[in-house]
Structure formats: C-alpha cells, structure tokens
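**Student:** My questions all concern the structure below.
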Amino acid sequence: MIKYLGLEIRRSLRDRRYLLLVAGWPVAAYLLFSTVFGSAADRTEGLAPTVEIMVAMASFGAMGGVLLASGPRLAMDRQLGWLRQLRLTPLSPARILTARLIAAMALSLPAIVLTFIAAVLVKDVTLPLWEWPLLVLVIAAGCLPFAAMGILVGTIADGDGAQGLTMVLYLVLAALGGLWMPVQILPSALQTVAKTLPSYHLAQLGWHIARGAVPAVGDAAVLLAWFAGAALIAMAASRRLTLRTA
Amino acid sequence: MTYHPSAAGSAVSTIPASPDGADPAVRVNGVTRRFGAVLAVDNVSLSVEHGETIALLGPNGAGKTTTISMLLGLSRPDSGSIEIFGSAPGSAAAHASVGAMLQDGGMMPGVLIGELLTMVRSLYQAPLALDEVLEIAQLRGLERRRVDRLSGGQSQRLRLAMALVGDPRLLILDEPTAAMDVETRRGFWHAMGGFTERGRTILFSTHYLEEADVAADRVVMMARGRVVADGTPSAIKNSVGLRVIRFSITHPGIAGLDALPGAVSATAHGNRVELRCSNSDTALRALIAARPDAHDIEVAGIALEDAFITITDGLAA
C-alpha cells in the first residue's frame, strides 16, 4: 500500500497545472488580501491581519488541494477503468481508499507551506518558532473531512460533473466558512450555517494556534464528525467504484 | 504396528486430482446473472482443471464478459456459486492467484510503465521479475513511457503485463487479442504458450473459432447466456459444420436432409438447398443416394465466423 500511496502522490506532483492552481492561487490571494486589508482594524480574530489572512489562505489552499486531488481524480480513474484494474490486485478496496485519502491529505502541504513562506518573506510575519510546524500539521490534519468529501464526490459523480461539483463545494465552503471574509459580515441565518461548516472550524483551529492557544477540542470534534459522515456515505456508495462505465 | 484396513483402502482414492489438492482452478455451478429484464448469464456451469487452456467462445452478447466479471469478483451472480481454487472470487486468496486482462481495464494516468509495474509487483507475495514481465509483454525499452501516452497495441501489452506481474496460477483474459492484427496475435499466443508450460491455467474469451482452435485445449461455447457446447476444438468444429454442399432439387422438400450422415443442417432458398456438413464426403455420398433429383452440386468451405454464428443462433433459439 505504501508504494501505491507513493505513486499516487508522485503523479499529483507531476501535474503542473494542478499544482499551480492549488498552491499559486492561495499565495496570490494572500498577497492581494493582506495588502488591501492589511491595515484594516476590523479583523475579528484578535490577530494581525497579515497573520489572520495567512492562516485563512493556507486553510483555503489546503482544502482546495485536498478536494481537487481526491474528487475529480477518483472520478476520472473510475471512468478510465483503473479502479477496476486495481481491484484485481491483492490490494483491498479499504486500502485503496485509505491510500487515496492519505495521498489527497498530503496535497494540502504545498499550499500551506508556500503561503507561510510568502507571509514571512513578503509580509514580514513572525510567530513563535514552535507555532509554525504545529500550524502546518494541524491545518493539514484538519483537511481530513475534505478528503472524505472529495472521495464521496468522486464516487458518485462522473468526470466533468465531479470537477464542477468539487469547485462549487470548494468555493461555497471557502466563502461561507469565513476563509475569504469574516463570517460576522454574513446575514445571521447564514452565520448559523457557516459555523457548522468544516472550513470554518479548520480556520478556527489555525487561528487558535496563531494566538498561542491550544487547538480547541470542539473544532476538532466538528471536523471529525464531518469526516465520519462523508466517509460513511462514501463507503455505502463504494460499489460504484468498480462498475463498468463502457 | 497396527493394521488399518480403511487407510489402505483410501490410499488410492485420495491421490490429489491436482498438485494443489482437489479444488479445480475454476468451478462455476448453476450461475445466473440478470441486468434488468436481460438474462446475461443463464444457469451456467463450468469447471476448469489445473493446467488447462480453455476458450470461452461466443458472439457479442453471449455473456462471456459478464461471466468473466463474476469469476473476478467484480460482479456477483444472482444465483449459483463460483469458486476459484476453492476460494470465493474477489477474496484475498483469489486475487493473489489470479491475473486478468479486462477489456475495459484502465491504467493509472500520469505514471510511467516502469513505475506502475513496480508498484503493482509490490502488491504480490511472489511476483515475476520485472525484467521477465517486460520481456513476455514485449515492453522492454518502454519503461519510461507514460501509460496515458501509449498506442492501442502498447496499452494492450501493458494490460498483459499487469495480468502477469503477480505470477498468477490462473490467467483470465477477456478478448485479449481483439485489437491485434494477425501477426501480433500469433506473437501473443506464443508468449502464452510459455506461460502454460509452467503448469499455469488460462481461461480466455474470444469470438474467433480459429483462435480457440489454435490456442485452447478445450472450448466452451456460449450463446445468449448459456453454454451451448463444451469440448475439444475439433469436436466443436465438427458440430459447427465447416463445409457446405449446395445443390438444386427438382422435387421440393428438404425434410430428412439434415439427418443424413455427416450433415448438420439444411436450408432451402427456392429450389436451391444449402446443406451444412461436419463431414462433406460422407454427406455427399448419402445425398446422392437419397436424392436422385439433386443436381448442380457444389461443395465449398465456409467462413468460420458464419458457421459459428449460424450454429449458436440455431442452438440458442
């Protein structure tokens, strides 16, 4: 399974267009937002805008990397018949999906690391040294529900449908989850919805650390619940993975 | 020392039917599979012994691919049972001992042939050497080619390599030569011959009787979801009727002609009659004796495909 996992990651890293999208976009968005809103005093998380936006954009990029690496790619592999072929090897379906989940999770890292580097080099962000690795780790681990959601999308939707559905999911989760703008500016009904989203809790986890606080257990619990929900539905639908498409 | 009469008696009968014990490579028992209203596989039973090369022969829609899908555990029978070396299809034990080429098996995009085969090789306990796989599948020198940038023939060879890499005891090939020209097909079966020499079992599907004749020890003919014939290639060829006697008759009526020795079936178009034969020499002598009114007689060979399709249609109707 380790070799399959390695090959999954390697093929993603070979896909330049994908890398540019998932790592380039959040870095560019970070530089833009932190310049435009850099002096605004109305940030809501009690952090310097350059730090708050850094965590938000790292989360945004990580989420995108994971969603795009899981959903559309799984749908494509399914349609190509690669999953049928792989299913004939001794690698069990549970291991196949676990490997894909971990591979997708690993693809949260480029966006996180590049956004942090941009923040340090361009915006002179400084944090206590121990916070950096913890932030990387927590944001990456916090992407677990997105990996499961991606696998669910890739299981139930085909090719272009999976691509489209993933993008909609990505943008809605980012916008409503407070990654682009504070959820406080949303109407109160939407705020209620926003605070149930995994993207909101992912950002909260990061902001806690950036404030020097321990990550909140409540946020982690919500993320785990989303993961469990998506994973259960994906498993229920997983018979579709090896169906004939031709 | 004590005498055990039962032990002595059973010594003869417990000689294993095969080197691995009593379980055949494949045992299919009364398997049925429906897709909606369509009966794709209809009460099929079939057993494949170790070391056999068996062809599943039939026209499109005969149920070959559905049967193979079930043998591989990719779909389940509605009723009936299947065992692969005594294990359930799709079980870990079955996956470890079976290699397969699917018609619609895709390859992992974005990776190199060498990377892919190395990865898949690592999934098996006792795989073939990578070099040997590349050699048999004629992929040597293409290790650094991306799998999504291959020609049709190269893709098919990669599918073969994927099937072989685990050094399976049973190879299941769904129309392995469908996209191949005659030359490539010959090369393919030559490579497969090397594989069976090591005591391996092969089950392949085809709609070419000629291919089944050349490559298989045994042919199982399927039509409309049922097994319509099971035997050696020559027995199948005889039942199919490979020669035809055409003649004109003065007195209408062809009743009884298909019962002549050596004849298989008779059809009339006006006063012209076509008599399919497994042995046209015997049938011709009998015909002349039985029908003095037969004239303008000609004897010809018929295309294998035509003969085959007519017969399977006739049997399944």
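Letters for chains follow the order of the structure tokens (A, B, ...), residue numbers begin at 1 for each chain, and ligand numbers begin at 1 in the order shown.
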Output the contact residues of chain B with respect to chain A at a cut-off of 8 Å, based on only C-alpha atoms, as an MDAnalysis selection string.
**Tutor:** chainID B and resid 72 74 90 92 95:96 99:100 102 104:111 115:116 119:120 122:124
**Student:** Please identify all polymer residues within 10 Å of Phe188 (chain B), counting only C-alpha atoms, omitting same-chain residues fewer than 4 positions from it, and present them as a VMD selection string.
**Tutor:** chain B and resid 136 to 138 157 160 176 to 177 180 182 to 184 192 to 193
**Student:** So the first atom is CA of Ala191 (chain B) and the second is CA of Glu135 (chain B); what is the distance between them in Å, to one decimal place?
**Tutor:**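 Distance between the two atoms: 9.4 Å.
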**Student:** Please report, as an MDAnalysis selection string, each residue of region 8-91 of chain A to which DSSP assigns alpha helix (DSSP H) when run on this structure's backbone.
**Tutor:** chainID A and resid 8:13 16:19 25:36 49:80 82:87
**Student:** Between CA of Glu83 (chain B) and CA of Ser47 (chain B), what is the spacing in Å?
**Tutor:**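 According to the coordinates, CA of Ser47 (chain B) and CA of Glu83 (chain B) are separated by 9.5 Å.
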**Student:** Applying 12 Å and only C-alpha atoms, which residues near Val214 (chain A) remain after dropping the ones on its own chain fewer than 3 positions away? List them as a PDB file with N, CA and C atoms, in the first residue's frame.
**Tutor:**
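Contents of around03.pdb, freshly written:
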ATOM      1  N   GLU A 131       5.150  27.468  16.755  1.00  0.00           N
ATOM      2  CA  GLU A 131       3.816  27.551  16.151  1.00  0.00           C
ATOM      3  C   GLU A 131       3.807  27.131  14.683  1.00  0.00           C
ATOM      4  N   LEU A 134       3.413  23.320  14.116  1.00  0.00           N
ATOM      5  CA  LEU A 134       2.110  22.939  14.640  1.00  0.00           C
ATOM      6  C   LEU A 134       1.006  23.400  13.696  1.00  0.00           C
ATOM      7  N   LEU A 135       1.159  24.629  13.169  1.00  0.00           N
ATOM      8  CA  LEU A 135       0.163  25.152  12.220  1.00  0.00           C
ATOM      9  C   LEU A 135       0.077  24.278  10.969  1.00  0.00           C
ATOM     10  N   VAL A 138      -1.564  20.925  11.950  1.00  0.00           N
ATOM     11  CA  VAL A 138      -2.979  20.995  12.312  1.00  0.00           C
ATOM     12  C   VAL A 138      -3.841  21.328  11.096  1.00  0.00           C
ATOM     13  N   GLN A 204     -10.640  28.190  12.416  1.00  0.00           N
ATOM     14  CA  GLN A 204     -10.620  28.443  13.861  1.00  0.00           C
ATOM     15  C   GLN A 204      -9.447  27.731  14.536  1.00  0.00           C
ATOM     16  N   LEU A 205      -9.213  26.484  14.126  1.00  0.00           N
ATOM     17  CA  LEU A 205      -8.091  25.721  14.695  1.00  0.00           C
ATOM     18  C   LEU A 205      -6.778  26.468  14.498  1.00  0.00           C
ATOM     19  N   GLY A 206      -6.576  26.957  13.252  1.00  0.00           N
ATOM     20  CA  GLY A 206      -5.328  27.656  12.926  1.00  0.00           C
ATOM     21  C   GLY A 206      -5.198  28.956  13.702  1.00  0.00           C
ATOM     22  N   TRP A 207      -6.308  29.681  13.782  1.00  0.00           N
ATOM     23  CA  TRP A 207      -6.260  30.975  14.479  1.00  0.00           C
ATOM     24  C   TRP A 207      -5.967  30.787  15.966  1.00  0.00           C
ATOM     25  N   HIS A 208      -6.508  29.713  16.537  1.00  0.00           N
ATOM     26  CA  HIS A 208      -6.204  29.417  17.942  1.00  0.00           C
ATOM     27  C   HIS A 208      -4.699  29.298  18.139  1.00  0.00           C
ATOM     28  N   ILE A 209      -4.072  28.536  17.250  1.00  0.00           N
ATOM     29  CA  ILE A 209      -2.630  28.317  17.396  1.00  0.00           C
ATOM     30  C   ILE A 209      -1.874  29.626  17.197  1.00  0.00           C
ATOM     31  N   ALA A 210      -2.292  30.401  16.190  1.00  0.00           N
ATOM     32  CA  ALA A 210      -1.602  31.655  15.905  1.00  0.00           C
ATOM     33  C   ALA A 210      -1.713  32.607  17.094  1.00  0.00           C
ATOM     34  N   ARG A 211      -2.792  32.482  17.869  1.00  0.00           N
ATOM     35  CA  ARG A 211      -2.951  33.310  19.072  1.00  0.00           C
ATOM     36  C   ARG A 211      -2.135  32.747  20.235  1.00  0.00           C
ATOM     37  N   VAL A 217     -10.784  21.630  21.235  1.00  0.00           N
ATOM     38  CA  VAL A 217     -11.293  20.272  21.041  1.00  0.00           C
ATOM     39  C   VAL A 217     -12.618  20.299  20.262  1.00  0.00           C
ATOM     40  N   GLY A 218     -13.421  21.324  20.521  1.00  0.00           N
ATOM     41  CA  GLY A 218     -14.720  21.436  19.848  1.00  0.00           C
ATOM     42  C   GLY A 218     -14.574  21.501  18.339  1.00  0.00           C
ATOM     43  N   ASP A 219     -13.610  22.340  17.877  1.00  0.00           N
ATOM     44  CA  ASP A 219     -13.390  22.452  16.423  1.00  0.00           C
ATOM     45  C   ASP A 219     -12.978  21.107  15.835  1.00  0.00           C
ATOM     46  N   ALA A 220     -12.056  20.446  16.534  1.00  0.00           N
ATOM     47  CA  ALA A 220     -11.587  19.144  16.050  1.00  0.00           C
ATOM     48  C   ALA A 220     -12.737  18.143  15.996  1.00  0.00           C
TER      49      ALA A 220
END
**Student:** Could you pull out the strand (DSSP E) residues of region 37-99 of chain B, going by DSSP on the backbone, and write them as a list in words?
**Tutor:**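 Taking region 37-99 of chain B and keeping strand (DSSP E) only, one gets Val38, Leu39, Ala40, Val41, Asp42, Asn43, Val44, Ser45, Leu46, Ser47, Val48, Thr53, Ile54, Ala55, Leu56, Leu57, Ser79, Gly80, Ser81, Ile82, Glu83, Ile84, Val98 and Gly99 of chain B.
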**Student:** Residues within 8 Å of region 48-64 of chain A, please, as a ChimeraX atom specification. Count only C-alpha atoms; anything in the same chain fewer than 4 positions from it doesn't count.
**Tutor:** /A:22-23,25-27,29-30,33-34,37-40,43,68,107-113,115-116,119,123,125,139-140,143,146,170,174,178-180,199,202-203,206-207,210
**Student:** Pick the closest to Gln154 (chain B) from B:Asn238, B:Ile202, B:Thr67, B:Leu142: which is it, counting only C-alpha atoms?
**Tutor:** B:Leu142
**Student:** Provide the CA of Pro168 (chain B) to CA of Phe195 (chain B) distance in Å, to one decimal place.
**Tutor:**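 These atoms are spaced 9.9 Å apart.
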**Student:** Compile the contact shell of Arg272 (chain B) as JSON, numbers by chain: residues with an atom at most 10 Å away, counting only C-alpha atoms, same-chain residues fewer than 3 positions apart removed.
**Tutor:** {"B": [246, 247, 248, 249, 250, 252, 267, 268, 269, 294, 295, 296, 297]}
**Student:** Put those residues in a file: all heavy atoms, as a short mmCIF file (atom, residue, chain, number, x, y, z; two decimals), in the first residue's frame.
**Tutor:**
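Below is the file that was written, part_22.cif:
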data_model
loop_
_atom_site.label_atom_id
_atom_site.label_comp_id
_atom_site.auth_asym_id
_atom_site.auth_seq_id
_atom_site.Cartn_x
_atom_site.Cartn_y
_atom_site.Cartn_z
N ARG B 246 -23.99 -27.30 -51.76
CA ARG B 246 -25.12 -26.55 -52.34
C ARG B 246 -25.58 -27.31 -53.58
O ARG B 246 -24.76 -27.79 -54.37
CB ARG B 246 -24.68 -25.13 -52.72
CG ARG B 246 -24.32 -24.27 -51.52
CD ARG B 246 -24.17 -22.80 -51.94
NE ARG B 246 -23.72 -21.99 -50.80
CZ ARG B 246 -22.45 -21.80 -50.47
NH1 ARG B 246 -21.48 -22.34 -51.20
NH2 ARG B 246 -22.14 -21.08 -49.42
N PHE B 247 -26.88 -27.43 -53.74
CA PHE B 247 -27.40 -28.14 -54.91
C PHE B 247 -28.83 -27.69 -55.19
O PHE B 247 -29.47 -27.07 -54.33
CB PHE B 247 -27.35 -29.67 -54.68
CG PHE B 247 -28.04 -30.12 -53.41
CD1 PHE B 247 -29.38 -30.51 -53.44
CD2 PHE B 247 -27.36 -30.14 -52.20
CE1 PHE B 247 -30.02 -30.92 -52.28
CE2 PHE B 247 -27.99 -30.55 -51.04
CZ PHE B 247 -29.32 -30.93 -51.07
N SER B 248 -29.28 -28.02 -56.40
CA SER B 248 -30.67 -27.71 -56.76
C SER B 248 -31.49 -28.99 -56.73
O SER B 248 -30.94 -30.08 -56.93
CB SER B 248 -30.73 -27.10 -58.16
OG SER B 248 -30.00 -25.89 -58.17
N ILE B 249 -32.79 -28.84 -56.45
CA ILE B 249 -33.66 -30.02 -56.41
C ILE B 249 -34.83 -29.83 -57.37
O ILE B 249 -35.26 -28.70 -57.61
CB ILE B 249 -34.19 -30.29 -54.98
CG1 ILE B 249 -34.69 -28.98 -54.33
CG2 ILE B 249 -33.13 -30.94 -54.12
CD1 ILE B 249 -35.28 -29.16 -52.97
N THR B 250 -35.29 -30.93 -57.91
CA THR B 250 -36.43 -30.87 -58.83
C THR B 250 -37.73 -30.99 -58.05
O THR B 250 -38.70 -30.29 -58.32
CB THR B 250 -36.34 -32.02 -59.85
OG1 THR B 250 -34.97 -32.24 -60.18
CG2 THR B 250 -37.10 -31.68 -61.12
N PRO B 252 -39.64 -30.39 -54.65
CA PRO B 252 -39.48 -29.58 -53.44
C PRO B 252 -39.53 -30.44 -52.16
O PRO B 252 -40.05 -31.55 -52.18
CB PRO B 252 -40.64 -28.60 -53.50
CG PRO B 252 -41.55 -29.08 -54.56
CD PRO B 252 -40.84 -30.04 -55.42
N THR B 267 -30.99 -25.88 -45.32
CA THR B 267 -31.90 -24.76 -45.56
C THR B 267 -32.17 -24.67 -47.05
O THR B 267 -31.29 -24.99 -47.86
CB THR B 267 -31.29 -23.42 -45.10
OG1 THR B 267 -29.93 -23.35 -45.55
CG2 THR B 267 -31.32 -23.27 -43.59
N ALA B 268 -33.38 -24.23 -47.41
CA ALA B 268 -33.72 -24.12 -48.83
C ALA B 268 -34.04 -22.68 -49.19
O ALA B 268 -34.65 -21.95 -48.39
CB ALA B 268 -34.93 -25.00 -49.14
N HIS B 269 -33.56 -22.25 -50.35
CA HIS B 269 -33.94 -20.95 -50.92
C HIS B 269 -34.50 -21.24 -52.30
O HIS B 269 -33.73 -21.46 -53.23
CB HIS B 269 -32.73 -20.02 -51.03
CG HIS B 269 -31.96 -19.91 -49.73
ND1 HIS B 269 -32.33 -19.07 -48.71
CD2 HIS B 269 -30.86 -20.57 -49.28
CE1 HIS B 269 -31.50 -19.21 -47.70
NE2 HIS B 269 -30.60 -20.12 -48.03
N ALA B 294 -31.14 -34.35 -57.00
CA ALA B 294 -30.17 -33.29 -56.72
C ALA B 294 -29.25 -33.10 -57.92
O ALA B 294 -28.73 -34.05 -58.48
CB ALA B 294 -29.35 -33.64 -55.48
N HIS B 295 -29.08 -31.82 -58.32
CA HIS B 295 -28.17 -31.54 -59.44
C HIS B 295 -27.47 -30.20 -59.22
O HIS B 295 -27.77 -29.47 -58.27
CB HIS B 295 -28.95 -31.54 -60.76
CG HIS B 295 -30.09 -30.56 -60.78
ND1 HIS B 295 -31.31 -30.82 -60.17
CD2 HIS B 295 -30.19 -29.33 -61.33
CE1 HIS B 295 -32.11 -29.79 -60.34
NE2 HIS B 295 -31.45 -28.86 -61.05
N ASP B 296 -26.54 -29.89 -60.13
CA ASP B 296 -25.70 -28.68 -59.97
C ASP B 296 -25.05 -28.65 -58.58
O ASP B 296 -25.11 -27.65 -57.87
CB ASP B 296 -26.52 -27.40 -60.16
CG ASP B 296 -26.94 -27.21 -61.61
OD1 ASP B 296 -26.30 -27.86 -62.48
OD2 ASP B 296 -27.88 -26.43 -61.87
N ILE B 297 -24.44 -29.77 -58.21
CA ILE B 297 -23.89 -29.88 -56.85
C ILE B 297 -22.53 -29.21 -56.75
O ILE B 297 -21.67 -29.38 -57.63
CB ILE B 297 -23.74 -31.37 -56.46
CG1 ILE B 297 -25.11 -32.05 -56.52
CG2 ILE B 297 -23.11 -31.52 -55.07
CD1 ILE B 297 -25.07 -33.54 -56.35
#
